[in-house]
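Data first, discussion second: the structure below is written as structure tokens.
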Number of protein chains: 2
Amino acid sequence: MTVKSDLPQGTLDLLILKVAELGPVHGYAIAQRLQQVSRDVVQVPQGSLYPALHRLENRGLLAADWKETETGRDAKFYRLTRKGRAQLETEAASWQRLTEAVGLILRLSEGGAE
Amino acid sequence: MTVKSDLPQGTLDLLILKVAELGPVHGYAIAQRLQQVSRDVVQVPQGSLYPALHRLENRGLLAADWKETETGRDAKFYRLTRKGRAQLETEAASWQRLTEAVGLILRLSEGGAE
DNA sequence: GCTAATATGTAGGAGTGCGAGGTATAGCTC
DNA sequence: GAGCTATACCTCGCACTCCTACATATTAGC
């Protein structure tokens with residue numbers, strides 16, 4: 001039974017921090033946002049989402065306040081802390097460095113001599 | 001204690017399959033190759049490398065033969081099976097789809113309206 | 001004989017994603 | 001007001017992978 005593995009380990013944190021950077025959002029909206037922007041490529045199940053949010057909050061990367069949604073429901077709004085912003089920059093840079101490196105490797109035979 | 005996390009989960013398999021596609025190589029050479037081509041961004045510790053090779057072999061994606069290196073040492077040369085080639089194509093496509101999606105998300109605020 | 005590089009391997013812990021389950025409210029239809 | 005869907009939160013436990021540390025054997029150089 002192979003794992004579905006929609007997202008590689010560690011990527012979810014990066015994406016959540018990124019969405020939180022744009023302004024306070026609650027978890028459910030984060031998942032919807034990721035799915036919309038990625039055109040359904042990124043789909044975050046709740047069993048992945050909420051544990052991730054709690055971990056990020058425990059690490060001090062996110063801070064949360066209970067507020068009311070426009071529709072009148074209670075929701076936990078997350079915002080990026082100063083520490084979280086630094087972490088986001090670091091992880092985003094790592095991601096870019098890594099994807100470039102993997103890209104180099106995957107194009108090994110296609111490009112031929114480089 | 002944060003994990004060093006050089007490579008996201010699942011990426012290592014993709015890279016190994018890719019190197020094996022170029023021709024029969026032994027494990028030690030795969031790790032060196034990845035490090036060289038990626039300009040030291042990708043560094044595969046032996047504790048990650050060999051278990052990954054065994055798993056890929058058990059899944060029938062790689063096949064191995066003991067041969068001698070140019071330097072005279074015994075080494076296990078891995079080559080891509082037909083099944084492994086198909087898997088490589090699938091994973092490479094998934095990787096590209098994913099990186100594009102993540103790229104879209106990471107550029108959310110920079111580009112503003114797009 | 002000692003060290004370094006080559007080449008392979010295992011064991012155990014740590015961390016994360018996900019399926020499956022549970023709770024509660026708002027709004028809609030009937 | 002009964003039932004349904006969507007919203008919004010949560011937890012448990014399994015599965016999987018990565019990595020540190022350790023162990024082994026050979027070749028080359030000093």
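Just remember, in the structure tokens the first chain shown is A, the second B, etc., residues are 1-based per chain, and ligands are 1-based in the order shown.
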
Next item on the list: At a cut-off of 10 Å, list the chain D residues touching chain B, using only C-alpha atoms (C1' of nucleotides), as number ranges by chain.
Entry: D: 16-21, 26-27

Could you please take those selected residues and save N, CA and C atoms (P, O5', C5', C4', C3', O3' and C1' of nucleotides) as a CSV table (one decimal), in the first residue's frame?
```
chain,number,residue,atom,x,y,z
D,16,DC,P,3.8,1.7,3.9
D,16,DC,O5',4.9,2.8,3.7
D,16,DC,C5',4.5,4.1,3.3
D,16,DC,C4',5.5,5.1,3.6
D,16,DC,C3',7.0,4.7,3.4
D,16,DC,O3',7.4,5.2,2.2
D,16,DC,C1',6.7,5.9,5.4
D,17,DT,P,8.9,4.9,1.6
D,17,DT,O5',9.8,6.1,2.1
D,17,DT,C5',9.2,7.4,2.1
D,17,DT,C4',10.1,8.3,2.9
D,17,DT,C3',11.6,8.2,2.6
D,17,DT,O3',12.2,9.4,2.4
D,17,DT,C1',11.1,8.1,5.0
D,18,DC,P,13.6,9.5,1.6
D,18,DC,O5',14.5,10.4,2.5
D,18,DC,C5',13.9,11.6,3.2
D,18,DC,C4',14.6,11.8,4.5
D,18,DC,C3',16.1,11.7,4.5
D,18,DC,O3',16.7,13.0,4.8
D,18,DC,C1',15.3,10.5,6.3
D,19,DC,P,18.3,13.2,4.7
D,19,DC,O5',18.9,12.8,6.1
D,19,DC,C5',18.3,13.4,7.2
D,19,DC,C4',18.9,12.8,8.5
D,19,DC,C3',20.4,12.6,8.4
D,19,DC,O3',21.0,13.1,9.6
D,19,DC,C1',19.4,10.6,9.0
D,20,DT,P,22.5,13.6,9.6
D,20,DT,O5',23.1,13.1,11.0
D,20,DT,C5',22.3,13.3,12.2
D,20,DT,C4',22.6,12.2,13.2
D,20,DT,C3',24.1,11.9,13.3
D,20,DT,O3',24.4,11.9,14.7
D,20,DT,C1',22.9,9.9,12.9
D,21,DA,P,26.0,11.7,15.2
D,21,DA,O5',26.2,10.2,15.4
D,21,DA,C5',25.2,9.4,16.1
D,21,DA,C4',25.5,8.0,16.1
D,21,DA,C3',27.0,7.6,16.1
D,21,DA,O3',27.3,6.8,17.2
D,21,DA,C1',25.8,6.4,14.4
D,26,DT,P,38.8,-8.0,2.6
D,26,DT,O5',39.2,-6.9,1.5
D,26,DT,C5',38.4,-6.7,0.4
D,26,DT,C4',38.8,-5.4,-0.3
D,26,DT,C3',40.3,-5.3,-0.7
D,26,DT,O3',40.4,-5.0,-2.0
D,26,DT,C1',39.5,-3.3,0.4
D,27,DT,P,41.8,-5.3,-2.8
D,27,DT,O5',42.3,-3.8,-3.0
D,27,DT,C5',41.6,-2.9,-3.8
D,27,DT,C4',42.2,-1.5,-3.7
D,27,DT,C3',43.7,-1.4,-3.9
D,27,DT,O3',43.9,-0.5,-5.0
D,27,DT,C1',43.0,-0.2,-2.0
```

Next item on the list: Dump as an MDAnalysis selection string the residues of chain B that approach chain A to within 12 Å, counting only C-alpha atoms.
Entry: chainID B and resid 1:23 30 33:43 59 88:89 91:110 112 114

Note to self: Tell me as an MDAnalysis selection string which residues belonging to chain C come within 12 Å of chain B, counting only C-alpha atoms (C1' of nucleotides).
What the structure shows: chainID C and resid 5:17

Would you save the residues from that selection as a PDB file, in the first residue's frame, using N, CA and C atoms (P, O5', C5', C4', C3', O3' and C1' of nucleotides)?
```pdb
ATOM      1  P    DA C   5      40.158  11.540   2.994  1.00  0.00           P
ATOM      2  O5'  DA C   5      39.734  10.544   1.829  1.00  0.00           O
ATOM      3  C5'  DA C   5      40.613  10.362   0.729  1.00  0.00           C
ATOM      4  C4'  DA C   5      40.182   9.149  -0.094  1.00  0.00           C
ATOM      5  C3'  DA C   5      38.696   9.155  -0.488  1.00  0.00           C
ATOM      6  O3'  DA C   5      38.577   8.892  -1.881  1.00  0.00           O
ATOM      7  C1'  DA C   5      39.276   7.100   0.542  1.00  0.00           C
ATOM      8  P    DT C   6      37.115   8.885  -2.577  1.00  0.00           P
ATOM      9  O5'  DT C   6      36.791   7.320  -2.672  1.00  0.00           O
ATOM     10  C5'  DT C   6      37.622   6.486  -3.475  1.00  0.00           C
ATOM     11  C4'  DT C   6      37.280   5.025  -3.269  1.00  0.00           C
ATOM     12  C3'  DT C   6      35.841   4.633  -3.673  1.00  0.00           C
ATOM     13  O3'  DT C   6      35.916   3.540  -4.572  1.00  0.00           O
ATOM     14  C1'  DT C   6      36.381   3.759  -1.543  1.00  0.00           C
ATOM     15  P    DA C   7      34.671   3.244  -5.565  1.00  0.00           P
ATOM     16  O5'  DA C   7      33.609   2.551  -4.603  1.00  0.00           O
ATOM     17  C5'  DA C   7      33.555   1.127  -4.515  1.00  0.00           C
ATOM     18  C4'  DA C   7      32.723   0.672  -3.336  1.00  0.00           C
ATOM     19  C3'  DA C   7      31.272   1.160  -3.246  1.00  0.00           C
ATOM     20  O3'  DA C   7      30.402   0.232  -3.895  1.00  0.00           O
ATOM     21  C1'  DA C   7      32.323   0.788  -1.114  1.00  0.00           C
ATOM     22  P    DT C   8      28.797   0.454  -3.741  1.00  0.00           P
ATOM     23  O5'  DT C   8      28.450  -0.306  -2.390  1.00  0.00           O
ATOM     24  C5'  DT C   8      28.709  -1.704  -2.294  1.00  0.00           C
ATOM     25  C4'  DT C   8      28.448  -2.203  -0.892  1.00  0.00           C
ATOM     26  C3'  DT C   8      27.008  -2.071  -0.413  1.00  0.00           C
ATOM     27  O3'  DT C   8      26.326  -3.319  -0.522  1.00  0.00           O
ATOM     28  C1'  DT C   8      28.617  -1.560   1.301  1.00  0.00           C
ATOM     29  P    DG C   9      24.696  -3.339  -0.337  1.00  0.00           P
ATOM     30  O5'  DG C   9      24.496  -3.251   1.240  1.00  0.00           O
ATOM     31  C5'  DG C   9      24.880  -4.360   2.036  1.00  0.00           C
ATOM     32  C4'  DG C   9      24.933  -4.001   3.499  1.00  0.00           C
ATOM     33  C3'  DG C   9      23.613  -3.550   4.120  1.00  0.00           C
ATOM     34  O3'  DG C   9      22.827  -4.682   4.478  1.00  0.00           O
ATOM     35  C1'  DG C   9      25.525  -2.411   5.027  1.00  0.00           C
ATOM     36  P    DT C  10      21.360  -4.430   5.071  1.00  0.00           P
ATOM     37  O5'  DT C  10      21.575  -4.087   6.613  1.00  0.00           O
ATOM     38  C5'  DT C  10      22.400  -4.912   7.405  1.00  0.00           C
ATOM     39  C4'  DT C  10      22.344  -4.427   8.847  1.00  0.00           C
ATOM     40  C3'  DT C  10      20.933  -4.199   9.385  1.00  0.00           C
ATOM     41  O3'  DT C  10      20.835  -4.772  10.678  1.00  0.00           O
ATOM     42  C1'  DT C  10      22.210  -2.196   9.595  1.00  0.00           C
ATOM     43  P    DA C  11      19.424  -4.847  11.426  1.00  0.00           P
ATOM     44  O5'  DA C  11      19.522  -3.642  12.468  1.00  0.00           O
ATOM     45  C5'  DA C  11      20.708  -3.469  13.239  1.00  0.00           C
ATOM     46  C4'  DA C  11      20.469  -2.421  14.308  1.00  0.00           C
ATOM     47  C3'  DA C  11      19.026  -2.314  14.784  1.00  0.00           C
ATOM     48  O3'  DA C  11      19.001  -2.025  16.178  1.00  0.00           O
ATOM     49  C1'  DA C  11      19.674  -0.275  13.746  1.00  0.00           C
ATOM     50  P    DG C  12      17.625  -2.080  16.996  1.00  0.00           P
ATOM     51  O5'  DG C  12      17.369  -0.537  17.291  1.00  0.00           O
ATOM     52  C5'  DG C  12      18.431   0.265  17.773  1.00  0.00           C
ATOM     53  C4'  DG C  12      18.039   1.726  17.727  1.00  0.00           C
ATOM     54  C3'  DG C  12      16.587   1.999  18.125  1.00  0.00           C
ATOM     55  O3'  DG C  12      16.559   3.043  19.086  1.00  0.00           O
ATOM     56  C1'  DG C  12      17.067   2.979  16.009  1.00  0.00           C
ATOM     57  P    DG C  13      15.191   3.477  19.811  1.00  0.00           P
ATOM     58  O5'  DG C  13      15.086   5.010  19.402  1.00  0.00           O
ATOM     59  C5'  DG C  13      16.247   5.829  19.510  1.00  0.00           C
ATOM     60  C4'  DG C  13      16.094   7.076  18.661  1.00  0.00           C
ATOM     61  C3'  DG C  13      14.789   7.838  18.920  1.00  0.00           C
ATOM     62  O3'  DG C  13      15.090   9.217  19.117  1.00  0.00           O
ATOM     63  C1'  DG C  13      15.044   7.373  16.603  1.00  0.00           C
ATOM     64  P    DA C  14      13.958  10.204  19.692  1.00  0.00           P
ATOM     65  O5'  DA C  14      13.680  11.111  18.415  1.00  0.00           O
ATOM     66  C5'  DA C  14      14.778  11.544  17.623  1.00  0.00           C
ATOM     67  C4'  DA C  14      14.261  12.205  16.357  1.00  0.00           C
ATOM     68  C3'  DA C  14      12.956  12.980  16.565  1.00  0.00           C
ATOM     69  O3'  DA C  14      13.072  14.257  15.970  1.00  0.00           O
ATOM     70  C1'  DA C  14      12.718  11.404  14.788  1.00  0.00           C
ATOM     71  P    DG C  15      12.026  15.428  16.346  1.00  0.00           P
ATOM     72  O5'  DG C  15      11.237  15.663  14.990  1.00  0.00           O
ATOM     73  C5'  DG C  15      11.966  15.756  13.770  1.00  0.00           C
ATOM     74  C4'  DG C  15      11.062  15.378  12.620  1.00  0.00           C
ATOM     75  C3'  DG C  15       9.668  16.021  12.700  1.00  0.00           C
ATOM     76  O3'  DG C  15       9.555  16.976  11.652  1.00  0.00           O
ATOM     77  C1'  DG C  15       9.591  13.704  12.072  1.00  0.00           C
ATOM     78  P    DT C  16       8.220  17.909  11.574  1.00  0.00           P
ATOM     79  O5'  DT C  16       7.360  17.181  10.439  1.00  0.00           O
ATOM     80  C5'  DT C  16       8.000  16.767   9.253  1.00  0.00           C
ATOM     81  C4'  DT C  16       7.066  15.900   8.423  1.00  0.00           C
ATOM     82  C3'  DT C  16       5.627  16.431   8.333  1.00  0.00           C
ATOM     83  O3'  DT C  16       5.243  16.437   6.979  1.00  0.00           O
ATOM     84  C1'  DT C  16       5.625  14.160   8.965  1.00  0.00           C
ATOM     85  P    DG C  17       4.055  17.399   6.472  1.00  0.00           P
ATOM     86  O5'  DG C  17       3.141  16.364   5.674  1.00  0.00           O
ATOM     87  C5'  DG C  17       3.742  15.487   4.740  1.00  0.00           C
ATOM     88  C4'  DG C  17       2.806  14.333   4.449  1.00  0.00           C
ATOM     89  C3'  DG C  17       1.344  14.731   4.264  1.00  0.00           C
ATOM     90  O3'  DG C  17       0.837  14.083   3.104  1.00  0.00           O
ATOM     91  C1'  DG C  17       1.521  13.105   5.977  1.00  0.00           C
TER      92       DG C  17
END
```

Note to self: I'd like to know which residues of chain A are strand (DSSP E or B) (by DSSP, run on the backbone); could you write them as a PyMOL selection string?
What the structure shows: chain A and resi 25-26+62-68+74-80

Notebook entry, point to check: What does the distance from atom C1' of DG13 of chain D to atom CA of Leu53 of chain B come to in Å, to one decimal?
Noted result: 28.3 Å
